[in-house]
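Next up, start-v6.pdb (PDB, N, CA and C atoms):
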ATOM      1  N   MET A   1      -6.198   9.493   0.901  1.00  0.00           N
ATOM      2  CA  MET A   1      -5.972   8.148   0.436  1.00  0.00           C
ATOM      3  C   MET A   1      -6.256   7.195   1.588  1.00  0.00           C
ATOM      4  N   ARG A   2      -7.041   6.201   1.323  1.00  0.00           N
ATOM      5  CA  ARG A   2      -7.303   5.163   2.307  1.00  0.00           C
ATOM      6  C   ARG A   2      -6.586   3.899   1.869  1.00  0.00           C
ATOM      7  N   PHE A   3      -5.946   3.253   2.834  1.00  0.00           N
ATOM      8  CA  PHE A   3      -5.312   1.977   2.530  1.00  0.00           C
ATOM      9  C   PHE A   3      -5.315   1.111   3.769  1.00  0.00           C
ATOM     10  N   TRP A   4      -5.200  -0.180   3.548  1.00  0.00           N
ATOM     11  CA  TRP A   4      -5.201  -1.165   4.615  1.00  0.00           C
ATOM     12  C   TRP A   4      -4.012  -2.086   4.419  1.00  0.00           C
ATOM     13  N   LYS A   5      -3.376  -2.440   5.522  1.00  0.00           N
ATOM     14  CA  LYS A   5      -2.253  -3.380   5.480  1.00  0.00           C
ATOM     15  C   LYS A   5      -2.674  -4.654   6.193  1.00  0.00           C
ATOM     16  N   TYR A   6      -2.413  -5.767   5.571  1.00  0.00           N
ATOM     17  CA  TYR A   6      -2.749  -7.067   6.134  1.00  0.00           C
ATOM     18  C   TYR A   6      -1.523  -7.963   6.089  1.00  0.00           C
ATOM     19  N   HIS A   7      -1.534  -8.992   6.907  1.00  0.00           N
ATOM     20  CA  HIS A   7      -0.483 -10.003   6.830  1.00  0.00           C
ATOM     21  C   HIS A   7      -1.089 -11.343   7.214  1.00  0.00           C
ATOM     22  N   GLY A   8      -0.536 -12.371   6.634  1.00  0.00           N
ATOM     23  CA  GLY A   8      -0.993 -13.716   6.938  1.00  0.00           C
ATOM     24  C   GLY A   8      -0.109 -14.751   6.286  1.00  0.00           C
ATOM     25  N   LEU A   9       0.188 -15.790   7.026  1.00  0.00           N
ATOM     26  CA  LEU A   9       0.995 -16.899   6.521  1.00  0.00           C
ATOM     27  C   LEU A   9       2.338 -16.429   5.959  1.00  0.00           C
ATOM     28  N   GLY A  10       2.912 -15.399   6.583  1.00  0.00           N
ATOM     29  CA  GLY A  10       4.217 -14.911   6.148  1.00  0.00           C
ATOM     30  C   GLY A  10       4.179 -13.955   4.973  1.00  0.00           C
ATOM     31  N   ASN A  11       2.998 -13.574   4.516  1.00  0.00           N
ATOM     32  CA  ASN A  11       2.862 -12.650   3.389  1.00  0.00           C
ATOM     33  C   ASN A  11       2.270 -11.334   3.867  1.00  0.00           C
ATOM     34  N   ASP A  12       2.648 -10.244   3.225  1.00  0.00           N
ATOM     35  CA  ASP A  12       2.104  -8.921   3.520  1.00  0.00           C
ATOM     36  C   ASP A  12       1.277  -8.460   2.325  1.00  0.00           C
ATOM     37  N   PHE A  13       0.200  -7.734   2.625  1.00  0.00           N
ATOM     38  CA  PHE A  13      -0.692  -7.245   1.579  1.00  0.00           C
ATOM     39  C   PHE A  13      -1.033  -5.789   1.854  1.00  0.00           C
ATOM     40  N   VAL A  14      -1.133  -4.987   0.806  1.00  0.00           N
ATOM     41  CA  VAL A  14      -1.581  -3.606   0.918  1.00  0.00           C
ATOM     42  C   VAL A  14      -2.729  -3.431  -0.065  1.00  0.00           C
ATOM     43  N   VAL A  15      -3.860  -2.941   0.446  1.00  0.00           N
ATOM     44  CA  VAL A  15      -5.020  -2.656  -0.394  1.00  0.00           C
ATOM     45  C   VAL A  15      -5.205  -1.146  -0.382  1.00  0.00           C
ATOM     46  N   VAL A  16      -5.189  -0.529  -1.561  1.00  0.00           N
ATOM     47  CA  VAL A  16      -5.299   0.926  -1.676  1.00  0.00           C
ATOM     48  C   VAL A  16      -6.614   1.271  -2.356  1.00  0.00           C
ATOM     49  N   GLU A  17      -7.374   2.163  -1.720  1.00  0.00           N
ATOM     50  CA  GLU A  17      -8.591   2.688  -2.346  1.00  0.00           C
ATOM     51  C   GLU A  17      -8.181   3.914  -3.144  1.00  0.00           C
ATOM     52  N   ASN A  18      -8.173   3.783  -4.447  1.00  0.00           N
ATOM     53  CA  ASN A  18      -7.689   4.853  -5.321  1.00  0.00           C
ATOM     54  C   ASN A  18      -8.665   5.056  -6.476  1.00  0.00           C
ATOM     55  N   LEU A  19      -9.937   5.135  -6.148  1.00  0.00           N
ATOM     56  CA  LEU A  19     -10.961   5.239  -7.181  1.00  0.00           C
ATOM     57  C   LEU A  19     -10.845   6.518  -8.002  1.00  0.00           C
ATOM     58  N   GLU A  20     -10.417   7.609  -7.374  1.00  0.00           N
ATOM     59  CA  GLU A  20     -10.273   8.879  -8.086  1.00  0.00           C
ATOM     60  C   GLU A  20      -8.909   9.018  -8.751  1.00  0.00           C
ATOM     61  N   ARG A  21      -8.066   8.031  -8.588  1.00  0.00           N
ATOM     62  CA  ARG A  21      -6.712   8.032  -9.156  1.00  0.00           C
ATOM     63  C   ARG A  21      -5.904   9.249  -8.700  1.00  0.00           C
ATOM     64  N   THR A  22      -6.034   9.593  -7.415  1.00  0.00           N
ATOM     65  CA  THR A  22      -5.315  10.737  -6.874  1.00  0.00           C
ATOM     66  C   THR A  22      -4.003  10.335  -6.219  1.00  0.00           C
ATOM     67  N   CYS A  23      -3.814   9.073  -6.009  1.00  0.00           N
ATOM     68  CA  CYS A  23      -2.631   8.587  -5.317  1.00  0.00           C
ATOM     69  C   CYS A  23      -1.604   8.115  -6.351  1.00  0.00           C
ATOM     70  N   PRO A  24      -0.348   8.552  -6.213  1.00  0.00           N
ATOM     71  CA  PRO A  24       0.674   8.139  -7.180  1.00  0.00           C
ATOM     72  C   PRO A  24       1.004   6.656  -7.029  1.00  0.00           C
ATOM     73  N   MET A  25       1.116   5.960  -8.107  1.00  0.00           N
ATOM     74  CA  MET A  25       1.455   4.534  -8.062  1.00  0.00           C
ATOM     75  C   MET A  25       2.816   4.277  -8.690  1.00  0.00           C
ATOM     76  N   ASP A  26       3.735   5.217  -8.476  1.00  0.00           N
ATOM     77  CA  ASP A  26       5.080   5.032  -9.001  1.00  0.00           C
ATOM     78  C   ASP A  26       5.874   4.127  -8.056  1.00  0.00           C
ATOM     79  N   PRO A  27       6.970   3.544  -8.511  1.00  0.00           N
ATOM     80  CA  PRO A  27       7.730   2.581  -7.705  1.00  0.00           C
ATOM     81  C   PRO A  27       8.201   3.126  -6.356  1.00  0.00           C
ATOM     82  N   GLU A  28       8.588   4.390  -6.283  1.00  0.00           N
ATOM     83  CA  GLU A  28       9.062   4.956  -5.011  1.00  0.00           C
ATOM     84  C   GLU A  28       7.936   5.033  -3.984  1.00  0.00           C
ATOM     85  N   PHE A  29       6.760   5.437  -4.417  1.00  0.00           N
ATOM     86  CA  PHE A  29       5.598   5.493  -3.525  1.00  0.00           C
ATOM     87  C   PHE A  29       5.248   4.100  -3.014  1.00  0.00           C
ATOM     88  N   VAL A  30       5.248   3.133  -3.897  1.00  0.00           N
ATOM     89  CA  VAL A  30       4.910   1.755  -3.518  1.00  0.00           C
ATOM     90  C   VAL A  30       5.905   1.223  -2.492  1.00  0.00           C
ATOM     91  N   LYS A  31       7.184   1.508  -2.657  1.00  0.00           N
ATOM     92  CA  LYS A  31       8.192   1.073  -1.680  1.00  0.00           C
ATOM     93  C   LYS A  31       7.906   1.648  -0.301  1.00  0.00           C
ATOM     94  N   LYS A  32       7.545   2.926  -0.246  1.00  0.00           N
ATOM     95  CA  LYS A  32       7.268   3.574   1.037  1.00  0.00           C
ATOM     96  C   LYS A  32       6.035   2.979   1.703  1.00  0.00           C
ATOM     97  N   VAL A  33       4.981   2.767   0.958  1.00  0.00           N
ATOM     98  CA  VAL A  33       3.742   2.219   1.520  1.00  0.00           C
ATOM     99  C   VAL A  33       3.944   0.782   1.980  1.00  0.00           C
ATOM    100  N   CYS A  34       4.759   0.034   1.279  1.00  0.00           N
ATOM    101  CA  CYS A  34       4.956  -1.381   1.601  1.00  0.00           C
ATOM    102  C   CYS A  34       5.958  -1.617   2.727  1.00  0.00           C
ATOM    103  N   ASP A  35       6.582  -0.570   3.227  1.00  0.00           N
ATOM    104  CA  ASP A  35       7.525  -0.719   4.333  1.00  0.00           C
ATOM    105  C   ASP A  35       6.798  -1.263   5.557  1.00  0.00           C
ATOM    106  N   ARG A  36       7.302  -2.322   6.141  1.00  0.00           N
ATOM    107  CA  ARG A  36       6.656  -2.951   7.300  1.00  0.00           C
ATOM    108  C   ARG A  36       6.604  -2.049   8.518  1.00  0.00           C
ATOM    109  N   HIS A  37       7.433  -1.033   8.571  1.00  0.00           N
ATOM    110  CA  HIS A  37       7.522  -0.181   9.757  1.00  0.00           C
ATOM    111  C   HIS A  37       6.706   1.099   9.632  1.00  0.00           C
ATOM    112  N   THR A  38       5.752   1.129   8.697  1.00  0.00           N
ATOM    113  CA  THR A  38       4.893   2.315   8.575  1.00  0.00           C
ATOM    114  C   THR A  38       3.535   2.032   9.140  1.00  0.00           C
TER     115      THR A  38
END

Rewritten as structure tokens:
Amino acid sequence: MRFWKYHGLGNDFVVVENLERTCPMDPEFVKKVCDRHT
């Protein structure tokens, strides 16, 4: 899984490359990926 984390103007962004739909997009996974300390 490839992903990129960005921030700007006080906002955080996560872009996930999931073309093959191999990465789980359930709420628990999203919380972990969006953690600022990862």

| Coordinates-based distance that separates CA of Gly8 in chain A from CA of Glu20 in chain A (Å, one decimal) | 28.7 Å

| said: Would you compute the distance between atom C of Phe3 in chain A and CA of Glu17 in chain A? Give it in Å to one decimal. | reply: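 Separation of atom C of Phe3 in chain A and CA of Glu17 in chain A: 7.1 Å.
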
| request: Excluding range 4-6 of chain A and any residue of its chain fewer than 3 positions from it, enumerate the residues within 8 Å of it, using all atoms listed in the file, and give them as number ranges by chain. | output: A: 1, 11-17

| remark: Atom pair atom C of His37 in chain A + atom N of Cys23 in chain A, distance 20.5 Å

| said: I'd like to know which residues of chain A are alpha helix (DSSP H) (by DSSP, run on the backbone); could you write them as an NGL selection string? | reply: :A and (27-33)

| message | Run DSSP on the backbone and tell me which residues of chain A come out as strand (DSSP E or B); list them as a list in words. | response | Arg2, Phe3, Trp4, Lys5, Tyr6, His7, Gly8, Asn11, Asp12, Phe13, Val14, Val15, Val16 and Glu17 of chain A

Axis-aligned box for all listed atoms of range 7-23 of chain A, 6 Å per side, centre and edges in Å to one decimal, as lines of an AutoDock Vina configuration file:
center_x = -3.4
center_y = -3.1
center_z = -1.0
size_x = 27.2
size_y = 39.6
size_z = 28.4
